[in-house]
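Asker: Got a structure here, written out as structure tokens. Questions coming.
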Amino acid sequence: MMKFAPLGHSETVSKKIRFGTSKGKALIAASVLGLMMAACTTTPTGPTYPEGPIVTENPVNIPQIPEETSPEEDGAADEEIVTEEETNLEGPYFNNRKGLTLPHMAGRDIKRLALLLPFSASSDRLREEAESMMKAAELSVFERNEADILLISLDTGGTAQGARSATQAAIKAGADVILGPILADSVTASAREASRTGTPVLAFSTDQTVAGNGAYLLSFPPEAEVERIVDYTMQNGTRRFAYLGPDTAYGRRVRAAYEKAIKARDGEITASETYNGRDISVMQEPAQRLAAFHRDYERRAKTSSVPTPMAFEAIILPEGGTALRSLAPLLPFYDVDPADVQFLGTGLWNNEDTVREPALSGGIFAGADPEAQRHFKDSYDRAYGEDQSRLASLAYDAVAIGAFVADGDPKQRRARLEDPQGFYGVDGAVRFGPDGRPDRGLAVYQIQRGRFTIIEPAPTQIGSGPS
């Protein structure tokens, strides 16, 4: 049975956050504020169990919550909400002891978790992502042993202003921890608002520049993937590297992380080429230049009495999907043999279409350990009869981490998030530093015979090395 707790903590602590037990006893409210508004329809959207939870179909979108407006003044249904007695606390943590409570949860030691997602974003992809993440969060509550989590789902609309308003609503509802948002500018807005009360934000953005100020990123930033794959490659003797990728925000982040990781380990980047666009026509010339550079070094080695090192022994291709399958074949076409040069990737490679490209056979990239994810994927499929979205597992883990962080002295919540022993969940091991950036334990995958094969497993504890 999978557990989720700070690694190395006692069994007493780890029992507080456990997956896969007592589904029928779990309670959830996927929008407390939804119970306050007559316009919100309450219908089950998740799995149905005996004594099932109260779940609202659509999370509440509140464009703005004035500072002076209380839940009662905003039309709250008094008979459906129980307000706890406020406990006097020093510091900014006033919101964490006076919150909205459902009648059947009165008297419990409630962990109030606010889930901020772009349910009404203009992007279809974002709306679908939000729906799947909400389902995953509900599933995480159902599989928790204790019936003590109040999940408050709020709509950010996919904007910074929406995130700010949703954060205000979450704090007024007594949220102990805020889960989300996804988009970088929304995280910044939410963290700024949450910092007024010292409420930690466990967000899903991969943009590490928005971490800090009480915002912790539960994500897979490309920087972590790049560092892992460079470390593995250099441990196996590679010293000379090349870069071929898009001149986009993502490509520039990968390139900067790539250069930093290689230089930190006394390696060398000998060549770098970029292109604008995702069509094969813009990729051809940069690929051809790299290939010519590589051939020139080979000629020198053959004509010199002292062997000249290869121009590069490994090259990273930070693309995915159709763009990757257009880019990768160009290198062997221009005589860069994947048998001689190690092709490297990022998390964008983690797509079943990738293994169908012959030029990528033998290529390697870093990603989460699939063994840790198997329980979640199976449970999600059984509950909803569909595949989860790319970020759904993050929401599942966020509920478990948030419940642990909310359980204890409110003044120690950030310290609990920054526990150096970290956490272990369906996405593997992760820990957070004071800067809010995630330190991930990643496995190394290789494409072998048309499938992804783990050639070095992920560590089960950060800093412990592969296990």
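Here's how to read the names in the structure tokens: chain A, B, ... by the order shown, residue numbers from 1 in each chain, ligand numbers from 1 in the order shown.
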For Pro420 of chain A, work out the shell of residues within 8 Å, counting only C-alpha atoms and skipping chain neighbours fewer than 3 positions away, then give it as a list of chain:residue names.
Answerer: A:Arg431, A:Phe432, A:Gly433
Asker: Find the residues around Ala211 of chain A up to 8 Å (only C-alpha atoms counted), leave out those fewer than 6 positions away in its own chain, and share them as JSON, numbers by chain.
Answerer: {"A": [217, 435, 436, 437]}
Asker: Can those selected residues be exported to a file as a PDB file, in the first residue's frame so that it contains all heavy atoms?
Answerer:
```pdb
ATOM      1  N   LEU A 217       6.358  25.021  -5.753  1.00  0.00           N
ATOM      2  CA  LEU A 217       5.947  24.467  -7.040  1.00  0.00           C
ATOM      3  C   LEU A 217       5.989  22.945  -7.027  1.00  0.00           C
ATOM      4  O   LEU A 217       7.071  22.345  -6.964  1.00  0.00           O
ATOM      5  CB  LEU A 217       6.844  24.994  -8.159  1.00  0.00           C
ATOM      6  CG  LEU A 217       6.911  26.518  -8.290  1.00  0.00           C
ATOM      7  CD1 LEU A 217       7.754  26.898  -9.493  1.00  0.00           C
ATOM      8  CD2 LEU A 217       5.509  27.126  -8.396  1.00  0.00           C
ATOM      9  N   ASP A 435      13.257  28.451  -1.193  1.00  0.00           N
ATOM     10  CA  ASP A 435      12.965  29.205  -2.414  1.00  0.00           C
ATOM     11  C   ASP A 435      11.724  28.693  -3.132  1.00  0.00           C
ATOM     12  O   ASP A 435      11.305  29.249  -4.151  1.00  0.00           O
ATOM     13  CB  ASP A 435      14.157  29.175  -3.372  1.00  0.00           C
ATOM     14  CG  ASP A 435      14.519  27.776  -3.861  1.00  0.00           C
ATOM     15  OD1 ASP A 435      13.846  26.796  -3.457  1.00  0.00           O
ATOM     16  OD2 ASP A 435      15.484  27.653  -4.631  1.00  0.00           O
ATOM     17  N   GLY A 436      11.117  27.592  -2.631  1.00  0.00           N
ATOM     18  CA  GLY A 436       9.884  27.078  -3.191  1.00  0.00           C
ATOM     19  C   GLY A 436      10.050  26.199  -4.411  1.00  0.00           C
ATOM     20  O   GLY A 436       9.065  25.703  -4.959  1.00  0.00           O
ATOM     21  N   ARG A 437      11.273  25.969  -4.843  1.00  0.00           N
ATOM     22  CA  ARG A 437      11.490  25.159  -6.043  1.00  0.00           C
ATOM     23  C   ARG A 437      11.544  23.672  -5.694  1.00  0.00           C
ATOM     24  O   ARG A 437      12.075  23.300  -4.652  1.00  0.00           O
ATOM     25  CB  ARG A 437      12.782  25.590  -6.748  1.00  0.00           C
ATOM     26  CG  ARG A 437      12.743  27.042  -7.208  1.00  0.00           C
ATOM     27  CD  ARG A 437      13.973  27.433  -7.993  1.00  0.00           C
ATOM     28  NE  ARG A 437      13.887  28.809  -8.441  1.00  0.00           N
ATOM     29  CZ  ARG A 437      14.742  29.368  -9.289  1.00  0.00           C
ATOM     30  NH1 ARG A 437      15.760  28.659  -9.766  1.00  0.00           N
ATOM     31  NH2 ARG A 437      14.593  30.633  -9.655  1.00  0.00           N
TER      32      ARG A 437
END
```
Asker: Within segment 234-444 of chain A, find each residue whose DSSP state, derived from the backbone, is helix (DSSP H, G or I), and express the selection as a ChimeraX atom specification.
Answerer: /A:234-235,249-264,280-303,321-327,330-333,347-349,354-356,358-360,370-384,392-406,410-417
Asker: Quick one: everything within 9 Å of Ile171 of chain A, counting only C-alpha atoms, minus sequence neighbours fewer than 2 positions away in the same chain. Send it as a ChimeraX atom specification.
Answerer: /A:95-96,99,114,166-169,173-176,178,194,197,199
Asker: Store the residues picked out above in a file with all heavy atoms, as an mmCIF file, in the first residue's frame.
Answerer:
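Wrote again20.cif, looks like this:
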```
data_model
loop_
_atom_site.group_PDB
_atom_site.id
_atom_site.type_symbol
_atom_site.label_atom_id
_atom_site.label_comp_id
_atom_site.auth_asym_id
_atom_site.auth_seq_id
_atom_site.Cartn_x
_atom_site.Cartn_y
_atom_site.Cartn_z
ATOM 1 N N ASN A 95 -6.706 33.399 9.462
ATOM 2 C CA ASN A 95 -7.732 32.739 8.657
ATOM 3 C C ASN A 95 -7.805 31.239 8.893
ATOM 4 O O ASN A 95 -8.739 30.583 8.461
ATOM 5 C CB ASN A 95 -7.461 32.971 7.176
ATOM 6 C CG ASN A 95 -6.147 32.318 6.735
ATOM 7 O OD1 ASN A 95 -5.090 32.651 7.266
ATOM 8 N ND2 ASN A 95 -6.205 31.396 5.795
ATOM 9 N N ASN A 96 -6.815 30.663 9.546
ATOM 10 C CA ASN A 96 -6.710 29.215 9.597
ATOM 11 C C ASN A 96 -7.515 28.563 10.717
ATOM 12 O O ASN A 96 -7.517 27.345 10.830
ATOM 13 C CB ASN A 96 -5.245 28.809 9.723
ATOM 14 C CG ASN A 96 -4.468 29.185 8.477
ATOM 15 O OD1 ASN A 96 -4.853 28.817 7.384
ATOM 16 N ND2 ASN A 96 -3.415 29.960 8.655
ATOM 17 N N GLY A 99 -13.157 29.199 9.836
ATOM 18 C CA GLY A 99 -13.472 28.857 8.459
ATOM 19 C C GLY A 99 -14.841 28.235 8.330
ATOM 20 O O GLY A 99 -15.503 27.901 9.311
ATOM 21 N N ALA A 114 -7.879 24.646 -0.458
ATOM 22 C CA ALA A 114 -8.515 25.355 -1.571
ATOM 23 C C ALA A 114 -7.810 24.982 -2.869
ATOM 24 O O ALA A 114 -6.598 25.131 -2.990
ATOM 25 C CB ALA A 114 -8.443 26.861 -1.350
ATOM 26 N N ALA A 166 -9.876 34.464 -6.460
ATOM 27 C CA ALA A 166 -10.088 33.118 -5.926
ATOM 28 C C ALA A 166 -9.310 32.920 -4.639
ATOM 29 O O ALA A 166 -9.777 32.253 -3.704
ATOM 30 C CB ALA A 166 -9.682 32.078 -6.966
ATOM 31 N N THR A 167 -8.125 33.490 -4.563
ATOM 32 C CA THR A 167 -7.322 33.385 -3.341
ATOM 33 C C THR A 167 -7.984 34.130 -2.194
ATOM 34 O O THR A 167 -8.015 33.651 -1.054
ATOM 35 C CB THR A 167 -5.903 33.935 -3.584
ATOM 36 O OG1 THR A 167 -5.314 33.238 -4.682
ATOM 37 C CG2 THR A 167 -5.033 33.750 -2.347
ATOM 38 N N GLN A 168 -8.517 35.301 -2.480
ATOM 39 C CA GLN A 168 -9.254 36.033 -1.452
ATOM 40 C C GLN A 168 -10.425 35.201 -0.939
ATOM 41 O O GLN A 168 -10.664 35.121 0.276
ATOM 42 C CB GLN A 168 -9.764 37.359 -2.021
ATOM 43 C CG GLN A 168 -8.692 38.378 -2.329
ATOM 44 C CD GLN A 168 -9.256 39.621 -2.991
ATOM 45 O OE1 GLN A 168 -10.403 39.640 -3.449
ATOM 46 N NE2 GLN A 168 -8.448 40.664 -3.059
ATOM 47 N N ALA A 169 -11.155 34.571 -1.854
ATOM 48 C CA ALA A 169 -12.295 33.751 -1.458
ATOM 49 C C ALA A 169 -11.837 32.555 -0.634
ATOM 50 O O ALA A 169 -12.491 32.167 0.341
ATOM 51 C CB ALA A 169 -13.044 33.276 -2.708
ATOM 52 N N ALA A 173 -12.758 31.629 3.263
ATOM 53 C CA ALA A 173 -13.357 30.343 3.608
ATOM 54 C C ALA A 173 -12.506 29.576 4.613
ATOM 55 O O ALA A 173 -12.871 28.476 5.014
ATOM 56 C CB ALA A 173 -13.546 29.509 2.348
ATOM 57 N N GLY A 174 -11.372 30.147 5.010
ATOM 58 C CA GLY A 174 -10.540 29.532 6.034
ATOM 59 C C GLY A 174 -9.541 28.528 5.509
ATOM 60 O O GLY A 174 -9.136 27.607 6.233
ATOM 61 N N ALA A 175 -9.102 28.659 4.267
ATOM 62 C CA ALA A 175 -8.173 27.688 3.691
ATOM 63 C C ALA A 175 -6.874 27.650 4.487
ATOM 64 O O ALA A 175 -6.279 28.687 4.790
ATOM 65 C CB ALA A 175 -7.879 28.035 2.239
ATOM 66 N N ASP A 176 -6.432 26.442 4.812
ATOM 67 C CA ASP A 176 -5.146 26.245 5.478
ATOM 68 C C ASP A 176 -4.003 26.230 4.471
ATOM 69 O O ASP A 176 -2.913 26.702 4.745
ATOM 70 C CB ASP A 176 -5.141 24.919 6.244
ATOM 71 C CG ASP A 176 -6.198 24.880 7.327
ATOM 72 O OD1 ASP A 176 -6.219 25.812 8.143
ATOM 73 O OD2 ASP A 176 -6.991 23.925 7.353
ATOM 74 N N ILE A 178 -3.360 26.507 0.004
ATOM 75 C CA ILE A 178 -3.915 26.724 -1.328
ATOM 76 C C ILE A 178 -3.192 25.815 -2.309
ATOM 77 O O ILE A 178 -1.956 25.811 -2.367
ATOM 78 C CB ILE A 178 -3.788 28.199 -1.743
ATOM 79 C CG1 ILE A 178 -4.734 29.046 -0.884
ATOM 80 C CG2 ILE A 178 -4.093 28.390 -3.222
ATOM 81 C CD1 ILE A 178 -4.564 30.524 -1.045
ATOM 82 N N ALA A 194 -1.954 35.507 -0.839
ATOM 83 C CA ALA A 194 -1.879 34.554 0.272
ATOM 84 C C ALA A 194 -0.834 34.944 1.302
ATOM 85 O O ALA A 194 -0.963 34.608 2.487
ATOM 86 C CB ALA A 194 -1.587 33.162 -0.273
ATOM 87 N N THR A 197 -1.675 36.573 4.737
ATOM 88 C CA THR A 197 -2.109 35.780 5.891
ATOM 89 C C THR A 197 -1.153 34.630 6.188
ATOM 90 O O THR A 197 -1.442 33.794 7.035
ATOM 91 C CB THR A 197 -3.508 35.193 5.627
ATOM 92 O OG1 THR A 197 -3.465 34.398 4.437
ATOM 93 C CG2 THR A 197 -4.537 36.302 5.465
ATOM 94 N N THR A 199 -0.553 32.111 4.343
ATOM 95 C CA THR A 199 -1.100 30.853 3.844
ATOM 96 C C THR A 199 -0.205 30.308 2.740
ATOM 97 O O THR A 199 -0.008 30.976 1.721
ATOM 98 C CB THR A 199 -2.517 31.053 3.295
ATOM 99 O OG1 THR A 199 -3.332 31.674 4.301
ATOM 100 C CG2 THR A 199 -3.136 29.721 2.892
#
```
Asker: Skip segment 119-132 of chain A itself and residues of its chain fewer than 3 positions away, then list as a list of chain:residue names all residues within 9 Å of it, counting only C-alpha atoms.
Answerer: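 Those residues are A:Asn58, A:Pro59, A:Asn61, A:Leu116, A:Lys135, A:Ala136, A:Ala137, A:Leu154, A:Asp155, A:Thr156, A:Gly157, A:Gly158, A:Thr159, A:Ile182, A:Asp387, A:Gln388, A:Ser389, A:Arg390, A:Leu391, A:Ala392.
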Asker: Please produce a file of the residues just selected, as a PDB file, in the first residue's frame, where the atoms kept are C-alpha atoms.
Answerer:
```pdb
ATOM      1  CA  ASN A  58     -19.113  23.428 -11.223  1.00  0.00           C
ATOM      2  CA  PRO A  59     -16.532  25.193  -9.036  1.00  0.00           C
ATOM      3  CA  ASN A  61     -16.064  31.616 -10.116  1.00  0.00           C
ATOM      4  CA  LEU A 116      -7.549  26.944  -7.587  1.00  0.00           C
ATOM      5  CA  LYS A 135     -11.284  14.659 -10.357  1.00  0.00           C
ATOM      6  CA  ALA A 136      -7.828  13.551  -9.227  1.00  0.00           C
ATOM      7  CA  ALA A 137      -8.051  15.755  -6.135  1.00  0.00           C
ATOM      8  CA  LEU A 154     -12.438  27.827  -6.967  1.00  0.00           C
ATOM      9  CA  ASP A 155     -12.220  29.035 -10.551  1.00  0.00           C
ATOM     10  CA  THR A 156      -9.349  31.345 -11.551  1.00  0.00           C
ATOM     11  CA  GLY A 157     -10.595  31.738 -15.122  1.00  0.00           C
ATOM     12  CA  GLY A 158      -6.995  31.338 -16.233  1.00  0.00           C
ATOM     13  CA  THR A 159      -6.115  34.953 -15.372  1.00  0.00           C
ATOM     14  CA  ILE A 182      -1.317  26.418 -12.839  1.00  0.00           C
ATOM     15  CA  ASP A 387      -7.397   8.506 -18.836  1.00  0.00           C
ATOM     16  CA  GLN A 388      -6.129  11.227 -16.543  1.00  0.00           C
ATOM     17  CA  SER A 389      -4.636  14.448 -17.880  1.00  0.00           C
ATOM     18  CA  ARG A 390      -0.936  15.267 -17.852  1.00  0.00           C
ATOM     19  CA  LEU A 391      -1.104  17.231 -14.580  1.00  0.00           C
ATOM     20  CA  ALA A 392      -3.787  15.217 -12.780  1.00  0.00           C
TER      21      ALA A 392
END
```
Asker: Of the residues A:Ala395, A:Leu360, A:Ala292, A:Ala189, which is the one nearest to Arg449 of chain A, using only C-alpha atoms?
Answerer: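 Closest residue, counting only C-alpha atoms: A:Leu360.
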Asker: Determine, counting only C-alpha atoms, which protein, DNA and RNA residues have an atom within 12 Å of an atom of Asp296 of chain A; residues of the same chain fewer than 4 positions away are not included. Present the result as a PyMOL selection string.
Answerer: chain A and resi 289-292+300-303+308-312+335-336
Asker: Please write the residues from the selection above to a file, keeping N, CA, C and O atoms, as an mmCIF file, in the first residue's frame.
Answerer:
```
data_model
loop_
_atom_site.group_PDB
_atom_site.id
_atom_site.type_symbol
_atom_site.label_atom_id
_atom_site.label_comp_id
_atom_site.auth_asym_id
_atom_site.auth_seq_id
_atom_site.Cartn_x
_atom_site.Cartn_y
_atom_site.Cartn_z
ATOM 1 N N ARG A 289 24.009 22.284 -40.300
ATOM 2 C CA ARG A 289 25.225 22.929 -39.788
ATOM 3 C C ARG A 289 25.880 22.087 -38.693
ATOM 4 O O ARG A 289 27.106 21.940 -38.651
ATOM 5 N N LEU A 290 25.060 21.549 -37.785
ATOM 6 C CA LEU A 290 25.614 20.678 -36.742
ATOM 7 C C LEU A 290 26.265 19.447 -37.343
ATOM 8 O O LEU A 290 27.338 19.003 -36.894
ATOM 9 N N ALA A 291 25.625 18.876 -38.328
ATOM 10 C CA ALA A 291 26.166 17.678 -38.968
ATOM 11 C C ALA A 291 27.494 17.984 -39.663
ATOM 12 O O ALA A 291 28.438 17.187 -39.599
ATOM 13 N N ALA A 292 27.581 19.130 -40.325
ATOM 14 C CA ALA A 292 28.828 19.516 -40.989
ATOM 15 C C ALA A 292 29.947 19.710 -39.974
ATOM 16 O O ALA A 292 31.103 19.305 -40.205
ATOM 17 N N ARG A 300 39.294 15.324 -39.260
ATOM 18 C CA ARG A 300 40.556 15.644 -38.581
ATOM 19 C C ARG A 300 41.082 14.431 -37.832
ATOM 20 O O ARG A 300 42.289 14.183 -37.793
ATOM 21 N N ALA A 301 40.195 13.688 -37.218
ATOM 22 C CA ALA A 301 40.615 12.510 -36.462
ATOM 23 C C ALA A 301 41.254 11.468 -37.373
ATOM 24 O O ALA A 301 42.201 10.778 -36.987
ATOM 25 N N LYS A 302 40.731 11.362 -38.595
ATOM 26 C CA LYS A 302 41.248 10.353 -39.522
ATOM 27 C C LYS A 302 42.583 10.762 -40.135
ATOM 28 O O LYS A 302 43.392 9.904 -40.511
ATOM 29 N N THR A 303 42.837 12.049 -40.250
ATOM 30 C CA THR A 303 44.056 12.516 -40.903
ATOM 31 C C THR A 303 45.138 12.938 -39.929
ATOM 32 O O THR A 303 46.259 13.221 -40.337
ATOM 33 N N THR A 308 41.525 13.300 -32.690
ATOM 34 C CA THR A 308 40.778 14.470 -32.254
ATOM 35 C C THR A 308 39.470 14.013 -31.627
ATOM 36 O O THR A 308 38.820 13.121 -32.152
ATOM 37 N N PRO A 309 39.076 14.599 -30.493
ATOM 38 C CA PRO A 309 37.795 14.194 -29.895
ATOM 39 C C PRO A 309 36.651 14.416 -30.870
ATOM 40 O O PRO A 309 36.706 15.250 -31.765
ATOM 41 N N MET A 310 35.585 13.651 -30.669
ATOM 42 C CA MET A 310 34.378 13.887 -31.460
ATOM 43 C C MET A 310 33.879 15.304 -31.207
ATOM 44 O O MET A 310 34.043 15.854 -30.120
ATOM 45 N N ALA A 311 33.261 15.890 -32.210
ATOM 46 C CA ALA A 311 32.726 17.244 -32.055
ATOM 47 C C ALA A 311 31.771 17.296 -30.872
ATOM 48 O O ALA A 311 31.799 18.220 -30.056
ATOM 49 N N PHE A 312 30.904 16.309 -30.773
ATOM 50 C CA PHE A 312 30.024 16.167 -29.612
ATOM 51 C C PHE A 312 29.630 14.702 -29.492
ATOM 52 O O PHE A 312 29.476 13.994 -30.489
ATOM 53 N N ASP A 335 23.944 12.479 -41.586
ATOM 54 C CA ASP A 335 25.074 11.625 -41.184
ATOM 55 C C ASP A 335 25.550 11.815 -39.749
ATOM 56 O O ASP A 335 26.717 11.578 -39.439
ATOM 57 N N VAL A 336 24.671 12.211 -38.848
ATOM 58 C CA VAL A 336 24.973 12.135 -37.416
ATOM 59 C C VAL A 336 24.325 10.852 -36.918
ATOM 60 O O VAL A 336 23.106 10.765 -36.788
#
```
Asker: Please list as a PyMOL selection string every residue within 6 Å of segment 272-278 of chain A, counting only C-alpha atoms and excluding residues in the same chain fewer than 6 positions away.
Answerer: chain A and resi 242-247+286+323
Asker: Residues near Glu352 of chain A, anyone? I mean within 12 Å using only C-alpha atoms, not counting same-chain ones fewer than 4 positions away, as a PyMOL selection string.
Answerer: chain A and resi 320-322+325+348+356-357+447+450-452
Asker: Could you please take those selected residues and save all heavy atoms as a PDB file, in the first residue's frame?
Answerer:
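So the final result, stored in part06.pdb, reads:
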```pdb
ATOM      1  N   GLY A 320       8.806  17.697 -28.589  1.00  0.00           N
ATOM      2  CA  GLY A 320       7.910  16.578 -28.341  1.00  0.00           C
ATOM      3  C   GLY A 320       6.913  16.450 -29.477  1.00  0.00           C
ATOM      4  O   GLY A 320       6.782  17.344 -30.322  1.00  0.00           O
ATOM      5  N   GLY A 321       6.215  15.335 -29.522  1.00  0.00           N
ATOM      6  CA  GLY A 321       5.160  15.138 -30.503  1.00  0.00           C
ATOM      7  C   GLY A 321       5.637  15.196 -31.938  1.00  0.00           C
ATOM      8  O   GLY A 321       6.722  14.720 -32.289  1.00  0.00           O
ATOM      9  N   THR A 322       4.843  15.840 -32.798  1.00  0.00           N
ATOM     10  CA  THR A 322       5.147  15.923 -34.226  1.00  0.00           C
ATOM     11  C   THR A 322       6.453  16.660 -34.490  1.00  0.00           C
ATOM     12  O   THR A 322       7.233  16.273 -35.370  1.00  0.00           O
ATOM     13  CB  THR A 322       3.993  16.630 -34.967  1.00  0.00           C
ATOM     14  OG1 THR A 322       2.784  15.911 -34.745  1.00  0.00           O
ATOM     15  CG2 THR A 322       4.267  16.700 -36.454  1.00  0.00           C
ATOM     16  N   ARG A 325       9.352  14.341 -33.952  1.00  0.00           N
ATOM     17  CA  ARG A 325       9.461  13.324 -35.001  1.00  0.00           C
ATOM     18  C   ARG A 325       9.864  13.930 -36.345  1.00  0.00           C
ATOM     19  O   ARG A 325      10.276  13.207 -37.250  1.00  0.00           O
ATOM     20  CB  ARG A 325       8.141  12.554 -35.099  1.00  0.00           C
ATOM     21  CG  ARG A 325       7.975  11.592 -33.927  1.00  0.00           C
ATOM     22  CD  ARG A 325       6.693  10.784 -33.990  1.00  0.00           C
ATOM     23  NE  ARG A 325       5.560  11.584 -33.573  1.00  0.00           N
ATOM     24  CZ  ARG A 325       4.472  11.790 -34.289  1.00  0.00           C
ATOM     25  NH1 ARG A 325       4.381  11.269 -35.503  1.00  0.00           N
ATOM     26  NH2 ARG A 325       3.482  12.503 -33.823  1.00  0.00           N
ATOM     27  N   LEU A 348       9.117  16.155 -22.534  1.00  0.00           N
ATOM     28  CA  LEU A 348       8.271  16.173 -23.722  1.00  0.00           C
ATOM     29  C   LEU A 348       8.371  14.866 -24.504  1.00  0.00           C
ATOM     30  O   LEU A 348       7.493  14.547 -25.310  1.00  0.00           O
ATOM     31  CB  LEU A 348       8.655  17.348 -24.636  1.00  0.00           C
ATOM     32  CG  LEU A 348       8.456  18.759 -24.073  1.00  0.00           C
ATOM     33  CD1 LEU A 348       8.873  19.799 -25.101  1.00  0.00           C
ATOM     34  CD2 LEU A 348       7.015  18.990 -23.650  1.00  0.00           C
ATOM     35  N   ARG A 356       7.832   5.491 -31.702  1.00  0.00           N
ATOM     36  CA  ARG A 356       7.593   5.054 -33.077  1.00  0.00           C
ATOM     37  C   ARG A 356       8.593   5.663 -34.066  1.00  0.00           C
ATOM     38  O   ARG A 356       8.587   5.306 -35.243  1.00  0.00           O
ATOM     39  CB  ARG A 356       6.161   5.401 -33.500  1.00  0.00           C
ATOM     40  CG  ARG A 356       5.102   4.740 -32.633  1.00  0.00           C
ATOM     41  CD  ARG A 356       3.708   4.963 -33.213  1.00  0.00           C
ATOM     42  NE  ARG A 356       2.694   4.352 -32.362  1.00  0.00           N
ATOM     43  CZ  ARG A 356       1.981   5.002 -31.468  1.00  0.00           C
ATOM     44  NH1 ARG A 356       2.161   6.298 -31.302  1.00  0.00           N
ATOM     45  NH2 ARG A 356       1.070   4.383 -30.735  1.00  0.00           N
ATOM     46  N   GLU A 357       9.424   6.578 -33.586  1.00  0.00           N
ATOM     47  CA  GLU A 357      10.400   7.210 -34.465  1.00  0.00           C
ATOM     48  C   GLU A 357      11.733   6.457 -34.397  1.00  0.00           C
ATOM     49  O   GLU A 357      12.401   6.477 -33.375  1.00  0.00           O
ATOM     50  CB  GLU A 357      10.608   8.680 -34.058  1.00  0.00           C
ATOM     51  CG  GLU A 357      11.723   9.392 -34.806  1.00  0.00           C
ATOM     52  CD  GLU A 357      11.617   9.197 -36.308  1.00  0.00           C
ATOM     53  OE1 GLU A 357      10.556   9.526 -36.884  1.00  0.00           O
ATOM     54  OE2 GLU A 357      12.603   8.700 -36.890  1.00  0.00           O
ATOM     55  N   ILE A 447      14.736   4.527 -24.895  1.00  0.00           N
ATOM     56  CA  ILE A 447      13.846   3.909 -25.876  1.00  0.00           C
ATOM     57  C   ILE A 447      14.537   2.667 -26.421  1.00  0.00           C
ATOM     58  O   ILE A 447      15.580   2.756 -27.079  1.00  0.00           O
ATOM     59  CB  ILE A 447      13.510   4.884 -27.010  1.00  0.00           C
ATOM     60  CG1 ILE A 447      12.803   6.116 -26.438  1.00  0.00           C
ATOM     61  CG2 ILE A 447      12.643   4.210 -28.065  1.00  0.00           C
ATOM     62  CD1 ILE A 447      12.583   7.217 -27.446  1.00  0.00           C
ATOM     63  N   GLY A 450      11.167  -0.189 -29.270  1.00  0.00           N
ATOM     64  CA  GLY A 450       9.839   0.384 -29.386  1.00  0.00           C
ATOM     65  C   GLY A 450       9.101   0.595 -28.075  1.00  0.00           C
ATOM     66  O   GLY A 450       7.864   0.692 -28.067  1.00  0.00           O
ATOM     67  N   ARG A 451       9.820   0.716 -26.987  1.00  0.00           N
ATOM     68  CA  ARG A 451       9.179   0.973 -25.695  1.00  0.00           C
ATOM     69  C   ARG A 451      10.126   1.740 -24.781  1.00  0.00           C
ATOM     70  O   ARG A 451      11.337   1.765 -24.994  1.00  0.00           O
ATOM     71  CB  ARG A 451       8.755  -0.347 -25.026  1.00  0.00           C
ATOM     72  CG  ARG A 451       9.900  -1.296 -24.760  1.00  0.00           C
ATOM     73  CD  ARG A 451       9.434  -2.603 -24.165  1.00  0.00           C
ATOM     74  NE  ARG A 451       8.851  -2.397 -22.839  1.00  0.00           N
ATOM     75  CZ  ARG A 451       8.374  -3.383 -22.089  1.00  0.00           C
ATOM     76  NH1 ARG A 451       8.361  -4.632 -22.555  1.00  0.00           N
ATOM     77  NH2 ARG A 451       7.878  -3.120 -20.898  1.00  0.00           N
ATOM     78  N   PHE A 452       9.552   2.361 -23.749  1.00  0.00           N
ATOM     79  CA  PHE A 452      10.352   3.053 -22.755  1.00  0.00           C
ATOM     80  C   PHE A 452      10.839   2.046 -21.716  1.00  0.00           C
ATOM     81  O   PHE A 452      10.038   1.308 -21.132  1.00  0.00           O
ATOM     82  CB  PHE A 452       9.533   4.143 -22.046  1.00  0.00           C
ATOM     83  CG  PHE A 452       9.090   5.262 -22.941  1.00  0.00           C
ATOM     84  CD1 PHE A 452       7.779   5.707 -22.918  1.00  0.00           C
ATOM     85  CD2 PHE A 452       9.978   5.873 -23.807  1.00  0.00           C
ATOM     86  CE1 PHE A 452       7.362   6.750 -23.729  1.00  0.00           C
ATOM     87  CE2 PHE A 452       9.574   6.908 -24.633  1.00  0.00           C
ATOM     88  CZ  PHE A 452       8.257   7.351 -24.596  1.00  0.00           C
TER      89      PHE A 452
END
```
Asker: Could you check how far atom CA of Ile315 of chain A sits from atom CA of Ala249 of chain A, in Å to one decimal?
Answerer: 19.2 Å
Asker: Tell me, which residues of segment 213-376 of chain A carry DSSP strand (DSSP E or B), written as a PyMOL selection string?
Answerer: chain A and resi 215-217+240-246+268-275+314-316+342-344+364-367
